[in-house]
Amino acid sequence: MKLLAGTRKGLFTFEFDDKKWRMSDRQFLGDPVPMLLPVPENNQLFTVLGTGHFGTKLHRSDDSGQSYSEVATPVYPEKPADSGDLVPWSLELIWSLEKGLGDTLWCGTIPGGVFTSTDAGESWQLNENLWNLDARRKWMGGGYDWPGVHSICVDPRDASVVTLGISIGGVYRTTDNGNSWKPRGEGLRADYVPPDIAGEPDQQDPHRIAQCAADPDYWWMQHHNGIWRSSDDCATWQEIMEVQPSTFGFALAVHPTDGNTAWFVPSLGSESRYPVGAKMVVNRTVDGGGSFMQLKNGLPQEDAYDLVYRHCLEICPSGDMLVMGSTSGNLWFSNDAGDHWEIVSRHLPPILCLRYVEFM
Amino acid sequence: MNIRKVLDQILIKVDFTPNLRRHLTLDRCLVEATTVAEVLEQLFTSQEKLRGYILDDQGAVRKHINIFVDNRIIRDPVGLTDKISESSDVFIMQALSGG
């Protein structure tokens, strides 16, 4: 198994050897790598480059990450002069990439559009059914200037069912492979808008959503205003309150076979994005949010100012190994579901995304 | 003979920031054009991928790219209508802001 770390200054590959992760490759040095998608059945690896000056680019490897060539980047259509849309129709960032039905690749972007490709990234098509929704005009930037799709969850029971996490735009689902979309946000709450619209689905800011692979009716959400879970496949969401040391954060991981087990990385709050008391902890629940345990064995307990971005806490398919990377360039792993953590590197560039992969 | 004037065509010298060469194979070149838009379209004819590096999805110059004509930043980065004269040099640079 390999571990891929997309960072502010390149892609770093680690291999598990003698109970340790060791760096085995360094690629795209100097360029930000905000998103990765391995497609192991094809020995493919898609690597997004977020070049600051020249825009977002996409590279594909067909040999398990050894060599790459640039493929097409999603391009927004010409913005009609009378659109009245304040959002620029121009790709700012590829924020999510997932494999869907058949050969379909899904690509979530800032400013809020979703694209699909059925030719391994050689061409991309804007999903106009989502882009043309009237409700999209209610979406907002949250951190970034414009709304963005950061979570794409392809249902393990039926790949034509795809659920999106949109910041700020809530949760949207298609049940027909992208032909129609509906919000799924009942029970969510937004403190950053006037009270009368705090419950509207399009005003919600999920920082990350994830589904239990083997128990797909179970969902977890790290929201700007706290932690929510759903046990009815996103029909309703229940807030989990009074979680210490904080309910604010970005990343989450859901156990692949147990929908009641999930991990979160708490941060002090929206205005102060570092660990409470500068002590790094991971929160774990094994009872559906009834209680949480603060896991800190092996994590720094003084002067830790790490923030863990939304794509930087990953759980391996077997459910026992976790990896976590921070904006301070720390990369940790745990072989026992978070009870103990070991450092992999203390001085990577700021970490933007992590992925496990096992090529054929 | 003026090297830029071949068969009565006016050829404009175009150069690029070296940083673009990290991503694409580019050489200094001569193009025939009377506006910035025409310069770019000629460049894109031979190197289609270059379009996405210089222009955004709506065809405007990217926020962190500067195009200079005779050492002055172009005045119309959206419509690309700045005129190019026979003696013009065009430089495609990255801005120092942002990125």
# chains A, B, ... in the order shown; residues from 1 in each chain; ligands from 1

call {"tool": "interface_residues", "arguments": {"of": "chain B", "to": "chain A", "cutoff": "7 Å", "atoms": "only C-alpha atoms", "output": "short mmCIF file (atom, residue, chain, number, x, y, z; two decimals) with N, CA, C and O atoms, in the first residue's frame"}}
result
data_model
loop_
_atom_site.label_atom_id
_atom_site.label_comp_id
_atom_site.auth_asym_id
_atom_site.auth_seq_id
_atom_site.Cartn_x
_atom_site.Cartn_y
_atom_site.Cartn_z
N TYR B 53 -3.29 28.44 -19.88
CA TYR B 53 -2.26 28.98 -19.00
C TYR B 53 -2.28 30.52 -18.98
O TYR B 53 -1.85 31.14 -18.02
N ILE B 54 -2.77 31.11 -20.07
CA ILE B 54 -2.74 32.58 -20.18
C ILE B 54 -4.12 33.18 -19.96
O ILE B 54 -4.24 34.23 -19.33
N ASP B 56 -8.34 32.88 -18.81
CA ASP B 56 -9.29 32.15 -17.98
C ASP B 56 -10.40 31.58 -18.85
O ASP B 56 -10.38 31.71 -20.08
N ASP B 57 -11.40 30.95 -18.20
CA ASP B 57 -12.42 30.24 -18.97
C ASP B 57 -13.26 31.17 -19.84
O ASP B 57 -13.86 30.75 -20.81
N GLN B 58 -13.30 32.46 -19.46
CA GLN B 58 -14.09 33.43 -20.23
C GLN B 58 -13.24 34.16 -21.27
O GLN B 58 -13.70 35.11 -21.90
N HIS B 64 -3.26 36.70 -12.61
CA HIS B 64 -1.86 36.81 -12.22
C HIS B 64 -0.90 36.71 -13.40
O HIS B 64 0.25 36.30 -13.25
N ILE B 65 -1.42 37.04 -14.58
CA ILE B 65 -0.59 37.11 -15.79
C ILE B 65 -0.61 38.55 -16.29
O ILE B 65 -1.67 39.20 -16.30
N GLN B 94 4.46 36.61 -15.74
CA GLN B 94 3.58 36.39 -14.58
C GLN B 94 3.66 37.61 -13.68
O GLN B 94 4.71 38.25 -13.56
N GLY B 99 -0.75 34.61 -6.83
CA GLY B 99 -0.16 33.36 -7.33
C GLY B 99 0.14 32.51 -6.17
O GLY B 99 0.45 31.41 -6.18
#

call {"tool": "select_by_dssp", "arguments": {"residues": "chain B", "states": "alpha helix (DSSP H)", "output": "list in words"}}
result
Val36, Ala37, Glu38, Val39, Leu40, Glu41, Gln42, Leu43, Phe44, Thr45, Ser46, Leu50, Arg51, Gly52, Tyr53 and Ile54 of chain B

call {"tool": "select_by_dssp", "arguments": {"residues": "chain B", "states": "strand (DSSP E)", "output": "ChimeraX atom specification"}}
result
/B:5-6,9-16,29-32,65-69,72-73,89-94

call {"tool": "write_last_selection", "arguments": {"atoms": "N, CA, C and O atoms", "output": "CSV table (one decimal), in the first residue's frame"}}
result
chain,number,residue,atom,x,y,z
B,5,LYS,N,10.0,41.4,-41.5
B,5,LYS,CA,9.1,41.6,-42.6
B,5,LYS,C,9.4,40.6,-43.7
B,5,LYS,O,10.4,40.6,-44.4
B,6,VAL,N,8.6,39.6,-43.8
B,6,VAL,CA,8.8,38.5,-44.7
B,6,VAL,C,7.5,38.4,-45.6
B,6,VAL,O,6.4,38.3,-45.1
B,9,GLN,N,4.4,40.4,-44.8
B,9,GLN,CA,3.7,40.1,-43.5
B,9,GLN,C,4.4,40.8,-42.4
B,9,GLN,O,5.6,40.7,-42.3
B,10,ILE,N,3.7,41.4,-41.4
B,10,ILE,CA,4.3,42.0,-40.3
B,10,ILE,C,4.4,41.0,-39.2
B,10,ILE,O,3.3,40.4,-38.7
B,11,LEU,N,5.5,40.7,-38.7
B,11,LEU,CA,5.7,39.6,-37.7
B,11,LEU,C,6.1,40.3,-36.4
B,11,LEU,O,7.0,41.1,-36.3
B,12,ILE,N,5.4,39.8,-35.4
B,12,ILE,CA,5.6,40.4,-34.0
B,12,ILE,C,6.4,39.4,-33.2
B,12,ILE,O,6.1,38.2,-33.2
B,13,LYS,N,7.4,39.9,-32.5
B,13,LYS,CA,8.2,39.0,-31.7
B,13,LYS,C,7.5,38.8,-30.3
B,13,LYS,O,7.1,39.7,-29.7
B,14,VAL,N,7.4,37.5,-29.9
B,14,VAL,CA,6.7,37.2,-28.7
B,14,VAL,C,7.7,36.4,-27.8
B,14,VAL,O,8.3,35.4,-28.3
B,15,ASP,N,7.7,36.8,-26.5
B,15,ASP,CA,8.6,36.0,-25.6
B,15,ASP,C,7.7,35.7,-24.3
B,15,ASP,O,6.7,36.4,-24.1
B,16,PHE,N,8.2,34.8,-23.6
B,16,PHE,CA,7.4,34.3,-22.4
B,16,PHE,C,8.3,34.3,-21.2
B,16,PHE,O,9.5,34.2,-21.2
B,29,CYS,N,9.0,33.4,-30.4
B,29,CYS,CA,8.5,33.2,-31.8
B,29,CYS,C,8.1,34.4,-32.4
B,29,CYS,O,8.0,35.5,-31.8
B,30,LEU,N,7.8,34.4,-33.7
B,30,LEU,CA,7.3,35.5,-34.5
B,30,LEU,C,5.9,35.1,-34.9
B,30,LEU,O,5.6,34.0,-35.4
B,31,VAL,N,5.0,36.1,-34.8
B,31,VAL,CA,3.6,35.9,-35.3
B,31,VAL,C,3.2,37.1,-36.1
B,31,VAL,O,3.7,38.1,-36.0
B,32,GLU,N,2.1,36.8,-36.9
B,32,GLU,CA,1.6,37.9,-37.7
B,32,GLU,C,0.3,38.3,-37.0
B,32,GLU,O,-0.6,37.5,-36.8
B,65,ILE,N,-1.4,37.0,-14.6
B,65,ILE,CA,-0.6,37.1,-15.8
B,65,ILE,C,-0.6,38.6,-16.3
B,65,ILE,O,-1.7,39.2,-16.3
B,66,ASN,N,0.5,39.0,-16.7
B,66,ASN,CA,0.6,40.3,-17.4
B,66,ASN,C,1.1,40.2,-18.8
B,66,ASN,O,2.1,39.4,-19.0
B,67,ILE,N,0.4,40.8,-19.7
B,67,ILE,CA,0.9,40.9,-21.1
B,67,ILE,C,1.4,42.3,-21.4
B,67,ILE,O,0.7,43.3,-21.1
B,68,PHE,N,2.7,42.4,-21.8
B,68,PHE,CA,3.3,43.7,-22.1
B,68,PHE,C,3.4,43.8,-23.6
B,68,PHE,O,3.9,42.9,-24.3
B,69,VAL,N,3.0,45.0,-24.1
B,69,VAL,CA,3.3,45.3,-25.5
B,69,VAL,C,4.2,46.6,-25.5
B,69,VAL,O,3.9,47.6,-24.9
B,72,ARG,N,4.7,48.1,-22.0
B,72,ARG,CA,3.6,48.6,-21.2
B,72,ARG,C,2.5,47.5,-21.1
B,72,ARG,O,2.2,46.8,-22.1
B,73,ILE,N,1.9,47.4,-19.9
B,73,ILE,CA,0.9,46.4,-19.7
B,73,ILE,C,-0.3,46.7,-20.6
B,73,ILE,O,-0.7,47.9,-20.7
B,89,ASP,N,7.2,44.5,-29.6
B,89,ASP,CA,7.6,43.3,-28.9
B,89,ASP,C,6.5,43.0,-27.9
B,89,ASP,O,6.0,43.8,-27.2
B,90,VAL,N,6.2,41.7,-27.8
B,90,VAL,CA,5.2,41.2,-26.8
B,90,VAL,C,5.8,40.3,-25.8
B,90,VAL,O,6.5,39.4,-26.2
B,91,PHE,N,5.6,40.6,-24.5
B,91,PHE,CA,6.1,39.7,-23.5
B,91,PHE,C,4.9,39.2,-22.7
B,91,PHE,O,4.1,40.0,-22.2
B,92,ILE,N,4.9,37.9,-22.4
B,92,ILE,CA,3.9,37.3,-21.6
B,92,ILE,C,4.6,36.9,-20.3
B,92,ILE,O,5.4,36.0,-20.3
B,93,MET,N,4.2,37.6,-19.2
B,93,MET,CA,4.9,37.5,-17.9
B,93,MET,C,3.9,37.1,-16.9
B,93,MET,O,2.7,37.2,-17.0
B,94,GLN,N,4.5,36.6,-15.7
B,94,GLN,CA,3.6,36.4,-14.6
B,94,GLN,C,3.7,37.6,-13.7
B,94,GLN,O,4.7,38.2,-13.6

call {"tool": "closest_residue", "arguments": {"among": "B:Thr81, B:Asn19, B:Thr25, B:Asn71", "to": "Ala37 (chain B)", "atoms": "only C-alpha atoms"}}
result
B:Thr81

call {"tool": "residues_around", "arguments": {"residues": "region 324-328 of chain A", "least_positions_apart": "5", "cutoff": "7 Å", "atoms": "only C-alpha atoms", "output": "PDB file with all heavy atoms, in the first residue's frame"}}
result
ATOM      1  N   ASP A 306      -1.198  23.267  14.450  1.00  0.00           N
ATOM      2  CA  ASP A 306      -1.550  22.565  13.214  1.00  0.00           C
ATOM      3  C   ASP A 306      -3.046  22.681  12.934  1.00  0.00           C
ATOM      4  O   ASP A 306      -3.868  22.499  13.835  1.00  0.00           O
ATOM      5  CB  ASP A 306      -1.215  21.077  13.340  1.00  0.00           C
ATOM      6  CG  ASP A 306       0.253  20.828  13.611  1.00  0.00           C
ATOM      7  OD1 ASP A 306       0.718  21.149  14.726  1.00  0.00           O
ATOM      8  OD2 ASP A 306       0.921  20.303  12.708  1.00  0.00           O
ATOM      9  N   LEU A 307      -3.364  22.909  11.673  1.00  0.00           N
ATOM     10  CA  LEU A 307      -4.738  22.772  11.208  1.00  0.00           C
ATOM     11  C   LEU A 307      -4.764  21.618  10.209  1.00  0.00           C
ATOM     12  O   LEU A 307      -3.866  21.492   9.376  1.00  0.00           O
ATOM     13  CB  LEU A 307      -5.210  24.062  10.525  1.00  0.00           C
ATOM     14  CG  LEU A 307      -6.656  24.049  10.016  1.00  0.00           C
ATOM     15  CD1 LEU A 307      -7.647  23.984  11.172  1.00  0.00           C
ATOM     16  CD2 LEU A 307      -6.940  25.282   9.166  1.00  0.00           C
ATOM     17  N   VAL A 308      -5.777  20.771  10.337  1.00  0.00           N
ATOM     18  CA  VAL A 308      -5.918  19.628   9.425  1.00  0.00           C
ATOM     19  C   VAL A 308      -7.028  19.957   8.434  1.00  0.00           C
ATOM     20  O   VAL A 308      -8.201  20.082   8.817  1.00  0.00           O
ATOM     21  CB  VAL A 308      -6.209  18.337  10.212  1.00  0.00           C
ATOM     22  CG1 VAL A 308      -6.482  17.175   9.265  1.00  0.00           C
ATOM     23  CG2 VAL A 308      -5.024  18.012  11.125  1.00  0.00           C
ATOM     24  N   TYR A 309      -6.645  20.134   7.179  1.00  0.00           N
ATOM     25  CA  TYR A 309      -7.625  20.468   6.143  1.00  0.00           C
ATOM     26  C   TYR A 309      -8.580  19.302   5.903  1.00  0.00           C
ATOM     27  O   TYR A 309      -8.329  18.172   6.319  1.00  0.00           O
ATOM     28  CB  TYR A 309      -6.920  20.821   4.833  1.00  0.00           C
ATOM     29  CG  TYR A 309      -6.355  22.218   4.762  1.00  0.00           C
ATOM     30  CD1 TYR A 309      -5.336  22.516   3.858  1.00  0.00           C
ATOM     31  CD2 TYR A 309      -6.819  23.248   5.552  1.00  0.00           C
ATOM     32  CE1 TYR A 309      -4.809  23.794   3.747  1.00  0.00           C
ATOM     33  CE2 TYR A 309      -6.295  24.532   5.454  1.00  0.00           C
ATOM     34  CZ  TYR A 309      -5.301  24.800   4.547  1.00  0.00           C
ATOM     35  OH  TYR A 309      -4.770  26.054   4.435  1.00  0.00           O
ATOM     36  N   CYS A 312      -7.494  15.763   4.649  1.00  0.00           N
ATOM     37  CA  CYS A 312      -6.209  15.355   5.235  1.00  0.00           C
ATOM     38  C   CYS A 312      -6.339  14.419   6.417  1.00  0.00           C
ATOM     39  O   CYS A 312      -5.418  14.312   7.241  1.00  0.00           O
ATOM     40  CB  CYS A 312      -5.406  16.590   5.618  1.00  0.00           C
ATOM     41  SG  CYS A 312      -4.956  17.587   4.204  1.00  0.00           S
ATOM     42  N   LEU A 313      -7.475  13.750   6.570  1.00  0.00           N
ATOM     43  CA  LEU A 313      -7.610  12.668   7.546  1.00  0.00           C
ATOM     44  C   LEU A 313      -8.209  11.499   6.786  1.00  0.00           C
ATOM     45  O   LEU A 313      -9.350  11.571   6.336  1.00  0.00           O
ATOM     46  CB  LEU A 313      -8.522  13.090   8.706  1.00  0.00           C
ATOM     47  CG  LEU A 313      -8.818  12.003   9.743  1.00  0.00           C
ATOM     48  CD1 LEU A 313      -7.548  11.632  10.509  1.00  0.00           C
ATOM     49  CD2 LEU A 313      -9.899  12.465  10.707  1.00  0.00           C
ATOM     50  N   GLU A 314      -7.442  10.443   6.599  1.00  0.00           N
ATOM     51  CA  GLU A 314      -7.884   9.333   5.763  1.00  0.00           C
ATOM     52  C   GLU A 314      -7.811   8.032   6.542  1.00  0.00           C
ATOM     53  O   GLU A 314      -6.880   7.811   7.322  1.00  0.00           O
ATOM     54  CB  GLU A 314      -7.004   9.219   4.510  1.00  0.00           C
ATOM     55  CG  GLU A 314      -7.291  10.278   3.458  1.00  0.00           C
ATOM     56  CD  GLU A 314      -8.622  10.069   2.759  1.00  0.00           C
ATOM     57  OE1 GLU A 314      -8.782   9.059   2.059  1.00  0.00           O
ATOM     58  OE2 GLU A 314      -9.510  10.930   2.947  1.00  0.00           O
ATOM     59  N   PHE A 333       0.564   8.844  11.494  1.00  0.00           N
ATOM     60  CA  PHE A 333      -0.310   7.710  11.229  1.00  0.00           C
ATOM     61  C   PHE A 333      -0.577   6.973  12.524  1.00  0.00           C
ATOM     62  O   PHE A 333       0.173   7.088  13.516  1.00  0.00           O
ATOM     63  CB  PHE A 333       0.285   6.772  10.166  1.00  0.00           C
ATOM     64  CG  PHE A 333       1.301   5.791  10.667  1.00  0.00           C
ATOM     65  CD1 PHE A 333       0.954   4.462  10.885  1.00  0.00           C
ATOM     66  CD2 PHE A 333       2.610   6.193  10.922  1.00  0.00           C
ATOM     67  CE1 PHE A 333       1.902   3.546  11.330  1.00  0.00           C
ATOM     68  CE2 PHE A 333       3.564   5.282  11.361  1.00  0.00           C
ATOM     69  CZ  PHE A 333       3.209   3.954  11.570  1.00  0.00           C
ATOM     70  N   PRO A 350       2.977  22.471   3.707  1.00  0.00           N
ATOM     71  CA  PRO A 350       1.592  22.347   4.169  1.00  0.00           C
ATOM     72  C   PRO A 350       0.834  21.281   3.367  1.00  0.00           C
ATOM     73  O   PRO A 350       0.895  21.264   2.140  1.00  0.00           O
ATOM     74  CB  PRO A 350       1.020  23.748   3.916  1.00  0.00           C
ATOM     75  CG  PRO A 350       2.216  24.650   4.013  1.00  0.00           C
ATOM     76  CD  PRO A 350       3.366  23.855   3.450  1.00  0.00           C
ATOM     77  N   ILE A 351       0.144  20.389   4.081  1.00  0.00           N
ATOM     78  CA  ILE A 351      -0.482  19.230   3.434  1.00  0.00           C
ATOM     79  C   ILE A 351      -1.913  19.576   3.024  1.00  0.00           C
ATOM     80  O   ILE A 351      -2.696  20.092   3.833  1.00  0.00           O
ATOM     81  CB  ILE A 351      -0.425  18.012   4.371  1.00  0.00           C
ATOM     82  CG1 ILE A 351       1.050  17.662   4.635  1.00  0.00           C
ATOM     83  CG2 ILE A 351      -1.160  16.822   3.762  1.00  0.00           C
ATOM     84  CD1 ILE A 351       1.266  16.626   5.715  1.00  0.00           C
TER      85      ILE A 351
END

call {"tool": "residues_around", "arguments": {"residues": "Leu26 (chain B)", "least_positions_apart": "6", "cutoff": "10 Å", "atoms": "only C-alpha atoms", "output": "short mmCIF file (atom, residue, chain, number, x, y, z; two decimals) with all heavy atoms, in the first residue's frame"}}
result
data_model
loop_
_atom_site.label_atom_id
_atom_site.label_comp_id
_atom_site.auth_asym_id
_atom_site.auth_seq_id
_atom_site.Cartn_x
_atom_site.Cartn_y
_atom_site.Cartn_z
N ASP B 15 7.73 36.78 -26.54
CA ASP B 15 8.57 36.05 -25.58
C ASP B 15 7.73 35.74 -24.33
O ASP B 15 6.71 36.39 -24.08
CB ASP B 15 9.80 36.87 -25.22
CG ASP B 15 10.95 35.97 -24.74
OD1 ASP B 15 10.71 34.77 -24.55
OD2 ASP B 15 12.06 36.50 -24.58
N PHE B 16 8.21 34.77 -23.56
CA PHE B 16 7.43 34.27 -22.43
C PHE B 16 8.25 34.30 -21.15
O PHE B 16 9.48 34.19 -21.18
CB PHE B 16 7.01 32.81 -22.67
CG PHE B 16 6.29 32.59 -23.94
CD1 PHE B 16 6.98 32.26 -25.10
CD2 PHE B 16 4.91 32.71 -24.00
CE1 PHE B 16 6.31 32.05 -26.28
CE2 PHE B 16 4.24 32.50 -25.19
CZ PHE B 16 4.94 32.16 -26.34
N THR B 17 7.54 34.37 -20.01
CA THR B 17 8.22 34.15 -18.74
C THR B 17 8.82 32.74 -18.72
O THR B 17 8.18 31.77 -19.15
CB THR B 17 7.24 34.30 -17.56
OG1 THR B 17 7.89 33.80 -16.38
CG2 THR B 17 5.95 33.52 -17.77
N PRO B 18 10.04 32.62 -18.24
CA PRO B 18 10.66 31.28 -18.19
C PRO B 18 9.84 30.31 -17.34
O PRO B 18 9.90 29.09 -17.55
CB PRO B 18 12.01 31.53 -17.54
CG PRO B 18 12.27 32.99 -17.67
CD PRO B 18 10.94 33.67 -17.75
N LEU B 20 6.77 29.67 -17.48
CA LEU B 20 5.85 28.89 -18.30
C LEU B 20 6.54 27.67 -18.88
O LEU B 20 5.90 26.66 -19.17
CB LEU B 20 5.32 29.77 -19.43
CG LEU B 20 3.93 30.36 -19.26
CD1 LEU B 20 3.63 31.34 -20.37
CD2 LEU B 20 2.87 29.27 -19.22
N LEU B 43 -0.60 31.99 -31.33
CA LEU B 43 0.17 31.14 -30.42
C LEU B 43 -0.60 29.86 -30.10
O LEU B 43 -0.03 28.76 -30.05
CB LEU B 43 0.47 31.89 -29.12
CG LEU B 43 1.39 33.11 -29.23
CD1 LEU B 43 1.45 33.83 -27.88
CD2 LEU B 43 2.77 32.71 -29.68
N GLN B 47 0.03 25.74 -30.14
CA GLN B 47 0.17 25.19 -28.79
C GLN B 47 -1.16 25.40 -28.05
O GLN B 47 -1.32 26.36 -27.30
CB GLN B 47 1.33 25.90 -28.07
CG GLN B 47 1.53 25.58 -26.61
CD GLN B 47 2.09 24.22 -26.35
OE1 GLN B 47 1.36 23.25 -26.39
NE2 GLN B 47 3.39 24.14 -26.07
N LEU B 50 -1.54 26.15 -24.30
CA LEU B 50 -1.12 27.45 -23.80
C LEU B 50 -2.31 28.34 -23.43
O LEU B 50 -2.23 29.16 -22.52
CB LEU B 50 -0.24 28.14 -24.85
CG LEU B 50 0.33 29.51 -24.50
CD1 LEU B 50 1.25 29.42 -23.29
CD2 LEU B 50 1.08 30.08 -25.70
#

call {"tool": "closest_residue", "arguments": {"among": "B:Ser87, B:Ala60, B:Leu96, B:Asp27", "to": "Ile74 (chain B)", "atoms": "only C-alpha atoms"}}
result
B:Ala60

call {"tool": "residues_around", "arguments": {"residues": "Val87 (chain A)", "least_positions_apart": "5", "cutoff": "9 Å", "atoms": "only C-alpha atoms", "output": "PyMOL selection string"}}
result
chain A and resi 111-112+137+146-147

call {"tool": "write_last_selection", "arguments": {"atoms": "all heavy atoms", "output": "PDB file, in the first residue's frame"}}
result
ATOM      1  N   PRO A 111     -15.731  27.540  -8.868  1.00  0.00           N
ATOM      2  CA  PRO A 111     -16.823  28.211  -8.166  1.00  0.00           C
ATOM      3  C   PRO A 111     -18.133  27.449  -8.018  1.00  0.00           C
ATOM      4  O   PRO A 111     -19.187  28.086  -8.013  1.00  0.00           O
ATOM      5  CB  PRO A 111     -17.036  29.450  -9.034  1.00  0.00           C
ATOM      6  CG  PRO A 111     -16.806  28.957 -10.429  1.00  0.00           C
ATOM      7  CD  PRO A 111     -15.721  27.930 -10.310  1.00  0.00           C
ATOM      8  N   GLY A 112     -18.152  26.154  -7.862  1.00  0.00           N
ATOM      9  CA  GLY A 112     -19.393  25.475  -7.517  1.00  0.00           C
ATOM     10  C   GLY A 112     -19.944  24.545  -8.570  1.00  0.00           C
ATOM     11  O   GLY A 112     -20.968  23.910  -8.357  1.00  0.00           O
ATOM     12  N   ARG A 137     -27.832  30.231  -7.003  1.00  0.00           N
ATOM     13  CA  ARG A 137     -27.596  31.670  -6.786  1.00  0.00           C
ATOM     14  C   ARG A 137     -27.579  32.030  -5.300  1.00  0.00           C
ATOM     15  O   ARG A 137     -27.181  33.131  -4.942  1.00  0.00           O
ATOM     16  CB  ARG A 137     -28.659  32.494  -7.525  1.00  0.00           C
ATOM     17  CG  ARG A 137     -28.788  32.174  -9.012  1.00  0.00           C
ATOM     18  CD  ARG A 137     -27.506  32.475  -9.769  1.00  0.00           C
ATOM     19  NE  ARG A 137     -27.597  32.102 -11.182  1.00  0.00           N
ATOM     20  CZ  ARG A 137     -27.924  32.952 -12.159  1.00  0.00           C
ATOM     21  NH1 ARG A 137     -28.183  34.212 -11.867  1.00  0.00           N
ATOM     22  NH2 ARG A 137     -27.989  32.538 -13.414  1.00  0.00           N
ATOM     23  N   TRP A 146     -15.626  32.031  -3.608  1.00  0.00           N
ATOM     24  CA  TRP A 146     -16.807  31.517  -4.291  1.00  0.00           C
ATOM     25  C   TRP A 146     -17.136  30.131  -3.753  1.00  0.00           C
ATOM     26  O   TRP A 146     -16.271  29.465  -3.198  1.00  0.00           O
ATOM     27  CB  TRP A 146     -16.552  31.470  -5.817  1.00  0.00           C
ATOM     28  CG  TRP A 146     -16.043  32.769  -6.335  1.00  0.00           C
ATOM     29  CD1 TRP A 146     -14.782  33.054  -6.776  1.00  0.00           C
ATOM     30  CD2 TRP A 146     -16.776  34.004  -6.421  1.00  0.00           C
ATOM     31  NE1 TRP A 146     -14.676  34.368  -7.130  1.00  0.00           N
ATOM     32  CE2 TRP A 146     -15.880  34.980  -6.933  1.00  0.00           C
ATOM     33  CE3 TRP A 146     -18.087  34.377  -6.136  1.00  0.00           C
ATOM     34  CZ2 TRP A 146     -16.266  36.297  -7.145  1.00  0.00           C
ATOM     35  CZ3 TRP A 146     -18.460  35.693  -6.349  1.00  0.00           C
ATOM     36  CH2 TRP A 146     -17.567  36.626  -6.848  1.00  0.00           C
ATOM     37  N   PRO A 147     -18.381  29.686  -3.941  1.00  0.00           N
ATOM     38  CA  PRO A 147     -18.730  28.350  -3.432  1.00  0.00           C
ATOM     39  C   PRO A 147     -17.936  27.247  -4.113  1.00  0.00           C
ATOM     40  O   PRO A 147     -17.450  27.421  -5.239  1.00  0.00           O
ATOM     41  CB  PRO A 147     -20.235  28.234  -3.750  1.00  0.00           C
ATOM     42  CG  PRO A 147     -20.542  29.311  -4.712  1.00  0.00           C
ATOM     43  CD  PRO A 147     -19.507  30.369  -4.573  1.00  0.00           C
TER      44      PRO A 147
END
